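> start_29.cif (mmCIF, C-alpha atoms (C1' of nucleotides)) pasted underneath:
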data_my_file
loop_
_atom_site.label_atom_id
_atom_site.label_comp_id
_atom_site.auth_asym_id
_atom_site.auth_seq_id
_atom_site.Cartn_x
_atom_site.Cartn_y
_atom_site.Cartn_z
CA MET A 1 5.33 4.52 -132.09
CA THR A 2 7.32 7.68 -132.38
CA SER A 3 4.83 9.81 -134.27
CA LEU A 4 1.13 9.88 -134.69
CA LEU A 5 1.74 9.98 -138.40
CA ASP A 6 3.17 6.48 -138.35
CA ASN A 7 -0.42 5.37 -138.44
CA ILE A 8 -0.95 6.70 -141.92
CA LYS A 9 2.46 6.25 -143.48
CA ASP A 10 0.91 4.22 -146.30
CA ASN A 11 -1.27 7.12 -147.40
CA ALA A 12 1.00 9.73 -148.92
CA ASP A 13 -1.68 12.34 -149.53
CA LEU A 14 -3.09 12.34 -146.05
CA LEU A 15 0.37 12.13 -144.58
CA GLU A 16 1.41 15.27 -146.40
CA GLN A 17 -1.70 17.14 -145.38
CA MET A 18 -1.33 16.13 -141.77
CA SER A 19 2.34 16.97 -141.63
CA LYS A 20 1.53 20.50 -142.66
CA VAL A 21 -0.74 21.21 -139.70
CA MET A 22 0.95 19.10 -137.08
CA VAL A 23 3.36 20.81 -134.72
CA THR A 24 6.00 19.02 -132.69
CA LYS A 25 6.95 20.73 -129.47
CA THR A 26 9.19 20.16 -126.48
CA VAL A 27 7.72 21.36 -123.21
CA LYS A 28 9.10 21.53 -119.71
CA LYS A 29 7.44 19.95 -116.71
CA GLY A 30 4.67 22.20 -115.51
CA THR A 31 3.90 23.80 -118.85
CA LEU A 32 0.20 24.57 -119.20
CA LEU A 33 -0.93 23.65 -122.70
CA GLN A 34 -4.58 24.46 -122.48
CA LYS A 35 -6.88 25.86 -119.83
CA LYS A 36 -10.59 25.92 -119.18
CA TYR A 37 -12.61 28.12 -121.49
CA ASP A 38 -9.93 28.13 -124.17
CA GLU A 39 -11.64 28.37 -127.51
CA ASN A 40 -9.09 26.38 -129.45
CA SER A 41 -9.27 22.93 -127.99
CA LYS A 42 -6.45 20.77 -129.39
CA VAL A 43 -5.44 17.14 -129.67
CA TYR A 44 -2.09 16.14 -128.18
CA PHE A 45 -0.06 13.05 -128.97
CA VAL A 46 2.64 12.29 -126.41
CA LYS A 47 5.92 11.13 -127.92
CA LYS A 48 7.87 11.31 -124.69
CA GLY A 49 7.07 12.33 -121.14
CA CYS A 50 3.60 12.59 -119.62
CA LEU A 51 0.65 14.96 -119.80
CA ARG A 52 -2.50 15.12 -117.72
CA SER A 53 -5.95 16.64 -118.11
CA TYR A 54 -7.95 17.92 -115.18
CA THR A 55 -10.71 20.20 -113.96
CA ILE A 56 -10.66 22.67 -111.13
CA ASP A 57 -13.85 22.89 -109.12
CA ASP A 58 -15.40 25.86 -107.33
CA LYS A 59 -13.33 25.05 -104.23
CA GLU A 60 -10.13 25.35 -106.28
CA LYS A 61 -9.65 21.60 -106.10
CA GLU A 62 -8.07 19.74 -109.00
CA HIS A 63 -9.65 16.56 -110.35
CA ILE A 64 -7.45 14.62 -112.75
CA PHE A 65 -9.37 13.17 -115.64
CA MET A 66 -6.56 11.23 -117.25
CA PHE A 67 -2.82 10.71 -117.50
CA ALA A 68 -1.19 10.41 -120.92
CA PRO A 69 2.27 8.83 -120.99
CA GLU A 70 4.19 7.96 -124.18
CA GLY A 71 2.05 6.88 -127.10
CA TRP A 72 -1.20 8.24 -125.70
CA ILE A 73 -3.51 10.82 -127.16
CA ILE A 74 -5.05 13.37 -124.86
CA SER A 75 -7.65 16.03 -125.55
CA ASP A 76 -10.92 17.42 -124.34
CA ILE A 77 -13.25 15.29 -126.43
CA GLU A 78 -16.34 16.88 -124.93
CA SER A 79 -15.34 20.28 -126.25
CA GLN A 80 -14.33 18.74 -129.59
CA VAL A 81 -17.69 17.02 -129.98
CA ASN A 82 -19.77 19.99 -128.97
CA ASN A 83 -17.47 22.48 -130.61
CA ALA A 84 -17.49 24.28 -127.31
CA PRO A 85 -14.86 25.98 -125.16
CA THR A 86 -12.59 23.70 -123.19
CA GLU A 87 -13.65 22.15 -119.91
CA LEU A 88 -10.30 20.64 -119.13
CA TYR A 89 -6.88 21.96 -118.27
CA ILE A 90 -4.00 20.08 -119.86
CA ASP A 91 -0.40 20.38 -118.71
CA ALA A 92 2.89 18.49 -118.70
CA ILE A 93 3.81 16.66 -115.51
CA GLU A 94 7.20 15.67 -116.93
CA ASP A 95 9.47 17.25 -119.52
CA SER A 96 7.70 16.08 -122.65
CA GLU A 97 7.82 15.93 -126.39
CA ILE A 98 4.44 16.21 -128.02
CA GLU A 99 2.68 16.50 -131.35
CA ILE A 100 -0.11 19.04 -131.42
CA MET A 101 -3.01 18.98 -133.80
CA PRO A 102 -5.06 22.17 -133.91
CA ARG A 103 -8.85 21.99 -133.61
CA GLY A 104 -10.62 22.16 -136.92
CA ASN A 105 -7.86 20.11 -138.38
CA ALA A 106 -8.73 17.59 -135.77
CA ASP A 107 -12.28 17.54 -137.04
CA GLU A 108 -11.41 17.36 -140.68
CA LEU A 109 -8.23 15.38 -140.72
CA PHE A 110 -7.81 13.46 -137.55
CA PHE A 111 -11.19 11.94 -138.03
CA ALA A 112 -10.75 11.53 -141.74
CA LYS A 113 -11.65 8.06 -142.80
CA GLU A 114 -8.12 6.79 -143.24
CA MET A 115 -7.00 8.10 -139.91
CA VAL A 116 -10.01 6.65 -138.23
CA ASP A 117 -9.61 3.29 -139.84
CA ASN A 118 -6.09 3.04 -138.60
CA ILE A 119 -6.24 4.46 -135.14
CA GLY A 120 -9.53 6.17 -134.44
CA ILE A 121 -12.14 3.55 -133.80
CA SER A 122 -10.14 1.19 -131.69
CA ARG A 123 -8.70 4.01 -129.64
CA LEU A 124 -12.11 5.52 -129.13
CA MET A 125 -13.56 2.21 -128.08
CA LYS A 126 -10.72 1.49 -125.71
CA ARG A 127 -11.23 4.91 -124.24
CA ILE A 128 -14.91 4.20 -123.70
CA SER A 129 -14.13 0.90 -122.09
CA VAL A 130 -11.72 2.58 -119.69
CA LEU A 131 -14.28 5.23 -118.87
CA GLN A 132 -16.98 2.61 -118.40
CA ARG A 133 -14.82 0.88 -115.84
CA ARG A 134 -13.97 4.15 -114.16
CA VAL A 135 -17.60 5.20 -113.80
CA ILE A 136 -18.53 1.84 -112.32
CA MET A 137 -15.59 2.08 -109.94
CA LEU A 138 -16.51 5.58 -108.83
CA MET A 139 -20.08 4.49 -108.18
CA SER A 140 -19.54 1.19 -106.45
CA ALA A 141 -16.04 0.85 -105.05
CA THR A 142 -14.44 2.17 -101.89
CA ALA A 143 -11.32 4.33 -102.03
CA LEU A 144 -9.19 1.28 -101.23
CA GLN A 145 -10.70 -0.79 -104.02
CA ARG A 146 -10.21 2.05 -106.48
CA TYR A 147 -6.58 2.41 -105.48
CA ASN A 148 -5.94 -1.29 -105.95
CA ASP A 149 -7.65 -1.18 -109.31
CA PHE A 150 -5.46 1.74 -110.33
CA LEU A 151 -2.32 -0.11 -109.27
CA GLU A 152 -3.32 -3.02 -111.49
CA MET A 153 -4.33 -0.94 -114.48
CA TYR A 154 -1.43 1.52 -114.43
CA PRO A 155 1.47 -0.05 -112.56
CA ASN A 156 3.92 1.98 -114.64
CA ILE A 157 2.28 5.32 -113.99
CA VAL A 158 2.20 4.95 -110.23
CA GLN A 159 5.93 5.45 -109.81
CA ARG A 160 6.14 8.40 -112.15
CA VAL A 161 3.40 10.48 -110.63
CA PRO A 162 3.22 12.18 -107.21
CA GLN A 163 0.75 10.62 -104.81
CA LYS A 164 -1.43 13.65 -104.58
CA MET A 165 -2.11 13.35 -108.30
CA ILE A 166 -3.08 9.72 -107.96
CA ALA A 167 -5.41 10.73 -105.16
CA SER A 168 -6.85 13.36 -107.45
CA TYR A 169 -7.39 10.77 -110.18
CA LEU A 170 -9.08 8.41 -107.73
CA GLY A 171 -11.40 11.15 -106.52
CA ILE A 172 -10.10 11.25 -102.96
CA THR A 173 -7.89 13.61 -100.95
CA PRO A 174 -4.12 13.11 -100.62
CA GLU A 175 -4.63 12.58 -96.89
CA ALA A 176 -7.08 9.78 -97.51
CA LEU A 177 -4.71 8.06 -99.93
CA SER A 178 -1.86 8.40 -97.48
CA LYS A 179 -3.95 6.68 -94.81
CA ILE A 180 -4.93 3.89 -97.18
CA ARG A 181 -1.30 3.29 -98.04
CA GLY A 182 -0.50 3.34 -94.37
CA GLN A 183 -2.99 0.53 -93.82
CA LEU A 184 -1.64 -1.50 -96.73
CA ALA A 185 1.93 -1.17 -95.49
CA LYS A 186 1.27 -2.78 -92.12
CA PRO A 187 -1.51 -5.32 -92.34
CA LYS A 188 0.46 -7.34 -89.78
CA LYS A 189 -0.77 -7.88 -86.22
CA MET B 1 -34.94 6.84 -136.87
CA THR B 2 -36.93 3.65 -136.91
CA SER B 3 -34.14 1.21 -137.65
CA LEU B 4 -30.43 1.13 -137.20
CA LEU B 5 -30.22 0.15 -140.86
CA ASP B 6 -31.55 3.55 -141.90
CA ASN B 7 -27.98 4.70 -141.45
CA ILE B 8 -26.74 2.64 -144.34
CA LYS B 9 -29.71 2.64 -146.66
CA ASP B 10 -27.53 3.99 -149.46
CA ASN B 11 -25.22 0.99 -149.33
CA ALA B 12 -27.19 -1.97 -150.72
CA ASP B 13 -24.50 -4.58 -150.12
CA LEU B 14 -23.88 -3.73 -146.52
CA LEU B 15 -27.57 -3.29 -145.92
CA GLU B 16 -28.28 -6.79 -147.16
CA GLN B 17 -25.50 -8.29 -145.08
CA MET B 18 -26.65 -6.50 -141.97
CA SER B 19 -30.30 -7.39 -142.46
CA LYS B 20 -29.36 -11.04 -142.43
CA VAL B 21 -27.83 -10.96 -138.96
CA MET B 22 -29.99 -8.36 -137.31
CA VAL B 23 -32.91 -9.54 -135.22
CA THR B 24 -35.89 -7.40 -134.27
CA LYS B 25 -37.57 -8.33 -131.04
CA THR B 26 -40.39 -7.14 -128.83
CA VAL B 27 -39.70 -7.53 -125.13
CA LYS B 28 -41.82 -6.92 -122.07
CA LYS B 29 -40.83 -4.64 -119.24
CA GLY B 30 -38.45 -6.47 -116.97
CA THR B 31 -37.01 -8.79 -119.58
CA LEU B 32 -33.35 -9.52 -118.93
CA LEU B 33 -31.44 -9.41 -122.21
CA GLN B 34 -27.95 -10.06 -121.01
CA LYS B 35 -26.35 -10.77 -117.66
CA LYS B 36 -22.87 -10.56 -116.19
CA TYR B 37 -20.45 -13.19 -117.45
CA ASP B 38 -22.49 -13.87 -120.58
CA GLU B 39 -20.09 -14.85 -123.30
CA ASN B 40 -22.10 -13.44 -126.17
CA SER B 41 -22.16 -9.74 -125.54
CA LYS B 42 -24.52 -8.03 -127.99
CA VAL B 43 -25.34 -4.59 -129.31
CA TYR B 44 -28.90 -3.35 -128.87
CA PHE B 45 -30.60 -0.59 -130.79
CA VAL B 46 -33.79 0.69 -129.13
CA LYS B 47 -36.62 1.37 -131.56
CA LYS B 48 -39.22 1.89 -128.88
CA GLY B 49 -39.26 1.76 -125.10
CA CYS B 50 -36.22 1.94 -122.84
CA LEU B 51 -33.38 -0.34 -121.81
CA ARG B 52 -30.78 0.06 -119.11
CA SER B 53 -27.37 -1.41 -118.36
CA TYR B 54 -26.10 -1.93 -114.84
CA THR B 55 -23.75 -3.80 -112.56
CA ILE B 56 -24.50 -5.55 -109.31
CA ASP B 57 -21.82 -5.22 -106.65
CA ASP B 58 -20.80 -7.65 -103.93
CA LYS B 59 -23.48 -6.20 -101.63
CA GLU B 60 -26.15 -7.03 -104.23
CA LYS B 61 -26.58 -3.37 -105.00
CA GLU B 62 -27.40 -2.26 -108.54
CA HIS B 63 -25.47 0.56 -110.21
CA ILE B 64 -27.02 1.82 -113.41
CA PHE B 65 -24.48 2.61 -116.07
CA MET B 66 -26.81 4.04 -118.66
CA PHE B 67 -30.39 4.41 -119.85
CA ALA B 68 -31.21 3.88 -123.51
CA PRO B 69 -34.51 5.30 -124.72
CA GLU B 70 -35.66 5.37 -128.35
CA GLY B 71 -32.91 5.81 -130.92
CA TRP B 72 -30.09 4.88 -128.56
CA ILE B 73 -27.58 2.08 -128.84
CA ILE B 74 -26.67 0.18 -125.72
CA SER B 75 -24.06 -2.52 -125.19
CA ASP B 76 -21.16 -3.50 -123.00
CA ILE B 77 -18.37 -1.87 -124.96
CA GLU B 78 -15.74 -3.00 -122.50
CA SER B 79 -16.52 -6.62 -123.18
CA GLN B 80 -16.73 -5.91 -126.92
CA VAL B 81 -13.32 -4.26 -126.97
CA ASN B 82 -11.59 -6.86 -124.88
CA ASN B 83 -13.55 -9.73 -126.34
CA ALA B 84 -14.31 -10.70 -122.80
CA PRO B 85 -17.42 -11.92 -120.95
CA THR B 86 -19.99 -9.30 -120.08
CA GLU B 87 -19.62 -7.00 -117.10
CA LEU B 88 -23.03 -5.44 -117.44
CA TYR B 89 -26.58 -6.61 -117.09
CA ILE B 90 -28.99 -5.21 -119.66
CA ASP B 91 -32.75 -5.31 -119.30
CA ALA B 92 -35.91 -3.56 -120.45
CA ILE B 93 -37.47 -1.07 -118.05
CA GLU B 94 -40.42 -0.53 -120.38
CA ASP B 95 -42.10 -2.72 -122.96
CA SER B 96 -39.67 -2.26 -125.81
CA GLU B 97 -38.95 -3.00 -129.41
CA ILE B 98 -35.32 -3.55 -130.17
CA GLU B 99 -32.87 -4.56 -132.85
CA ILE B 100 -30.19 -6.97 -131.74
CA MET B 101 -26.84 -7.37 -133.37
CA PRO B 102 -24.94 -10.48 -132.28
CA ARG B 103 -21.32 -10.18 -131.19
CA GLY B 104 -18.90 -11.11 -133.89
CA ASN B 105 -21.17 -9.48 -136.37
CA ALA B 106 -20.78 -6.40 -134.30
CA ASP B 107 -17.04 -6.65 -134.71
CA GLU B 108 -17.11 -7.35 -138.39
CA LEU B 109 -20.10 -5.43 -139.62
CA PHE B 110 -21.18 -2.80 -137.19
CA PHE B 111 -17.72 -1.40 -137.19
CA ALA B 112 -17.27 -1.91 -140.87
CA LYS B 113 -16.09 1.27 -142.48
CA GLU B 114 -19.38 2.29 -144.00
CA MET B 115 -21.28 1.76 -140.81
CA VAL B 116 -18.72 3.62 -138.84
CA ASP B 117 -18.64 6.53 -141.22
CA ASN B 118 -22.34 6.96 -140.93
CA ILE B 119 -23.00 6.42 -137.29
CA GLY B 120 -19.96 5.05 -135.51
CA ILE B 121 -17.50 7.86 -134.92
CA SER B 122 -19.87 10.57 -133.92
CA ARG B 123 -21.79 8.26 -131.64
CA LEU B 124 -18.61 6.99 -130.04
CA MET B 125 -17.33 10.49 -129.50
CA LYS B 126 -20.61 11.65 -128.03
CA ARG B 127 -20.53 8.67 -125.75
CA ILE B 128 -17.04 9.60 -124.58
CA SER B 129 -18.07 13.15 -123.99
CA VAL B 130 -21.00 12.01 -121.86
CA LEU B 131 -18.74 9.69 -119.90
CA GLN B 132 -16.14 12.42 -119.48
CA ARG B 133 -18.75 14.64 -117.93
CA ARG B 134 -20.05 11.82 -115.77
CA VAL B 135 -16.62 10.97 -114.38
CA ILE B 136 -15.95 14.60 -113.54
CA MET B 137 -19.35 14.85 -111.89
CA LEU B 138 -18.81 11.72 -109.82
CA MET B 139 -15.43 13.01 -108.68
CA SER B 140 -16.23 16.59 -107.91
CA ALA B 141 -19.94 17.17 -107.47
CA THR B 142 -22.27 16.61 -104.52
CA ALA B 143 -25.34 14.42 -104.87
CA LEU B 144 -27.49 17.54 -105.28
CA GLN B 145 -25.33 18.92 -108.07
CA ARG B 146 -25.35 15.57 -109.85
CA TYR B 147 -29.12 15.38 -109.61
CA ASN B 148 -29.53 18.84 -111.07
CA ASP B 149 -27.13 17.97 -113.85
CA PHE B 150 -29.13 14.85 -114.60
CA LEU B 151 -32.37 16.83 -114.73
CA GLU B 152 -30.81 19.16 -117.29
CA MET B 153 -29.23 16.45 -119.39
CA TYR B 154 -32.12 14.00 -119.42
CA PRO B 155 -35.33 15.90 -118.67
CA ASN B 156 -37.31 13.38 -120.69
CA ILE B 157 -35.97 10.33 -118.93
CA VAL B 158 -36.72 11.60 -115.45
CA GLN B 159 -40.45 11.12 -115.75
CA ARG B 160 -40.23 7.69 -117.31
CA VAL B 161 -37.96 6.08 -114.78
CA PRO B 162 -38.56 5.25 -111.10
CA GLN B 163 -36.63 7.39 -108.66
CA LYS B 164 -34.66 4.54 -107.25
CA MET B 165 -33.16 3.97 -110.69
CA ILE B 166 -32.18 7.60 -111.00
CA ALA B 167 -30.57 7.33 -107.59
CA SER B 168 -28.73 4.27 -108.81
CA TYR B 169 -27.52 6.17 -111.88
CA LEU B 170 -26.35 9.05 -109.73
CA GLY B 171 -24.46 6.74 -107.43
CA ILE B 172 -26.53 7.43 -104.31
CA THR B 173 -29.21 5.59 -102.36
CA PRO B 174 -32.93 6.06 -103.03
CA GLU B 175 -33.25 7.47 -99.52
CA ALA B 176 -30.65 10.13 -100.21
CA LEU B 177 -32.35 11.16 -103.45
CA SER B 178 -35.69 11.34 -101.72
CA LYS B 179 -34.23 13.69 -99.13
CA ILE B 180 -32.64 15.86 -101.79
CA ARG B 181 -35.95 16.16 -103.58
CA GLY B 182 -37.58 16.97 -100.28
CA GLN B 183 -35.18 19.89 -99.87
CA LEU B 184 -35.78 21.13 -103.41
CA ALA B 185 -39.55 20.98 -103.02
CA LYS B 186 -39.72 23.35 -100.07
CA PRO B 187 -36.96 25.94 -100.23
CA LYS B 188 -39.63 28.31 -98.84
CA LYS B 189 -39.98 28.76 -95.08
"C1'" DC C 1 21.09 26.27 -96.14
"C1'" DG C 2 16.60 27.66 -95.83
"C1'" DA C 3 11.79 27.78 -97.78
"C1'" DG C 4 8.44 25.39 -99.73
"C1'" DC C 5 6.31 21.35 -101.24
"C1'" DG C 6 4.86 16.65 -100.51
"C1'" DC C 7 3.71 13.15 -97.38
"C1'" DT C 8 2.10 11.58 -92.88
"C1'" DT C 9 -0.71 11.51 -88.73
"C1'" DG C 10 -4.42 12.85 -85.65
"C1'" DA C 11 -8.85 15.14 -84.24
"C1'" DT C 12 -13.12 16.77 -85.80
"C1'" DT C 13 -16.86 17.22 -88.99
"C1'" DG C 14 -20.22 16.15 -92.42
"C1'" DA C 15 -22.49 14.14 -96.57
"C1'" DG C 16 -24.43 10.20 -97.52
"C1'" DT C 17 -25.35 5.19 -95.90
"C1'" DT C 18 -27.77 1.84 -93.35
"C1'" DC C 19 -31.57 0.21 -90.92
"C1'" DA C 20 -36.29 0.48 -89.83
"C1'" DA C 21 -40.96 1.64 -90.37
"C1'" DA C 22 -44.76 4.41 -92.10
"C1'" DA C 23 -47.09 6.63 -96.17
"C1'" DA C 24 -48.01 6.76 -101.02
"C1'" DT C 25 -48.36 4.69 -105.49
"C1'" DC C 26 -48.78 1.02 -108.67
"C1'" DG C 27 -50.64 -2.94 -110.90
"C1'" DT C 28 -53.33 -6.89 -111.20
"C1'" DG C 29 -57.28 -9.97 -110.50
"C1'" DG C 30 -61.87 -10.25 -109.34
"C1'" DC D 1 -63.60 -0.10 -111.61
"C1'" DC D 2 -62.30 -1.16 -107.19
"C1'" DA D 3 -59.50 -3.46 -103.72
"C1'" DC D 4 -55.68 -5.34 -101.91
"C1'" DG D 5 -50.90 -6.77 -101.90
"C1'" DA D 6 -46.54 -5.36 -103.54
"C1'" DT D 7 -43.40 -2.09 -104.65
"C1'" DT D 8 -41.72 2.66 -104.24
"C1'" DT D 9 -41.08 6.76 -101.76
"C1'" DT D 10 -40.67 9.23 -97.61
"C1'" DT D 11 -39.06 10.14 -92.99
"C1'" DG D 12 -36.15 9.55 -88.99
"C1'" DA D 13 -32.19 7.95 -86.10
"C1'" DA D 14 -27.70 6.06 -85.72
"C1'" DC D 15 -23.53 5.28 -87.99
"C1'" DT D 16 -19.39 5.42 -91.30
"C1'" DC D 17 -16.16 6.63 -94.64
"C1'" DA D 18 -13.76 10.07 -96.34
"C1'" DA D 19 -13.20 15.36 -96.11
"C1'" DT D 20 -11.46 19.03 -93.65
"C1'" DC D 21 -8.47 21.27 -90.55
"C1'" DA D 22 -4.16 21.38 -88.32
"C1'" DA D 23 0.45 20.30 -87.08
"C1'" DG D 24 4.96 18.07 -87.85
"C1'" DC D 25 8.45 15.71 -90.62
"C1'" DG D 26 11.67 15.14 -94.56
"C1'" DC D 27 13.24 16.39 -99.08
"C1'" DT D 28 14.92 18.88 -102.77
"C1'" DC D 29 16.14 22.51 -105.48
"C1'" DG D 30 17.08 27.22 -105.91
#
Any chance you could put this one into structure tokens?

Amino acid sequence: MTSLLDNIKDNADLLEQMSKVMVTKTVKKGTLLQKKYDENSKVYFVKKGCLRSYTIDDKEKEHIFMFAPEGWIISDIESQVNNAPTELYIDAIEDSEIEIMPRGNADELFFAKEMVDNIGISRLMKRISVLQRRVIMLMSATALQRYNDFLEMYPNIVQRVPQKMIASYLGITPEALSKIRGQLAKPKK
Amino acid sequence: MTSLLDNIKDNADLLEQMSKVMVTKTVKKGTLLQKKYDENSKVYFVKKGCLRSYTIDDKEKEHIFMFAPEGWIISDIESQVNNAPTELYIDAIEDSEIEIMPRGNADELFFAKEMVDNIGISRLMKRISVLQRRVIMLMSATALQRYNDFLEMYPNIVQRVPQKMIASYLGITPEALSKIRGQLAKPKK
DNA sequence: CGAGCGCTTGATTGAGTTCAAAAATCGTGG
DNA sequence: CCACGATTTTTGAACTCAATCAAGCGCTCG
């Protein structure tokens, strides 16, 4: 898929409407797209590259909520649902090409029936299923188990992303992840 | 809302179809509705009482994934999405009255357009937003912070549910929760 | 080529677990 | 309605996994 609009190419009306509000943008690695407390929470579709969303806690520590490589949609759904200021930071961790859908339009158009029928429901349900698994993991699994699970689920992301970000996604420190990998490397003796 | 079908009462066709497959049931506290590896994952709407879903890890420890009091829908979405055996146990923690929608029907009917338009999308998005918050909490907050967050989010559930289950939801041991509450009770000195 | 960032490694600390046992509460039958 | 056994909650001590703090190595990119 090269554009989010591919999903609705058989609906000329909606397609035209959407095209009007959708912005395609090329951003360099490190570009901050949205930060906490922003009022205008947006929806981002990644055509190329990789984005991430994350929080920063009171100790200035980052916690990565999700990675979004090609073909993924990323946004702060909590703020969309509650029509509230953003909780999440979103930035590019690679040079990326993205489609941006402004809030408001997201409400009215993105979740328009046709859009939803084509991409909404199944994406939303997949998202829930991923989150379900993640919550269970965070509650019941050790750091090692979570790392192995991540390797299985996202083998392609592992190589693209610095270790400290994977640690951040797993909910552990970079040091802890380094030690785990150290163990895995030499299980001999 | 007294029935899930209230959502589609203006669509006679769908309503009739749904009524045919939907089963209303009264279950006693403690009744197990679905266990891990069950093939026929179902969707439950709670009319009265309270259900919960949970996993049991390799150390026989329960981890509560969610509580579902009156008006809530509970199911193992991961298994629904992937058409896979159940991951979650679901049981009644109070005497309850529920509506059960069999799998398959859930795929075809519950997520039929009309149903979705009325209840699906917004419920799914709310669910995601709750999970988003939960993941962030599990990654960045201490047990105390998570407990306070739970008190705010679900003040009505707290009194209905034994402490050990709240501990299980928070991802800590009953002992730890007891100690936290001990601290909160006497911040005097 | 140097400065800074990312990764590793080690020593110390701490939040929460585990284990155990007592105190409080619940629920069920007489 | 009370009593008694079972379950839940509390409390305490010892332990553990991962966090924190600190120091050193190796890149890379500016």
> Starting from the displayed file, determine the output of the PyMOL selection byres ((chain D) within 12 of (chain B)) and express the residue list as a ChimeraX atom specification.
/D:7-12
> Residues at most 10 Å from region 26-30 of chain D, counting only C-alpha atoms (C1' of nucleotides), excluding those fewer than 6 positions away in the same chain, as a count of residues only?
5
> Distance cut-off 9 Å, counting all atoms listed in the file - which residues of chain C neighbour chain B? Return them as a list of chain:residue names.
C:DA15, C:DG16, C:DT17
> Residues near Ser41 (chain B), anyone? I mean within 12 Å using only C-alpha atoms (C1' of nucleotides), not counting same-chain ones fewer than 5 positions away, as a VMD selection string.
chain B and resid 33 to 36 74 to 90 100 to 107
> Can you work out the spacing between C1' of DG24 (chain D) and CA of Lys61 (chain A) in Å, to one decimal?
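Rounded to one decimal, the two atoms are 23.6 Å apart.
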> Compute the set of chain A residues within 6 Å of chain B, using only C-alpha atoms, and express it as number ranges by chain.
A: 77-78, 128-129, 135, 139, 171
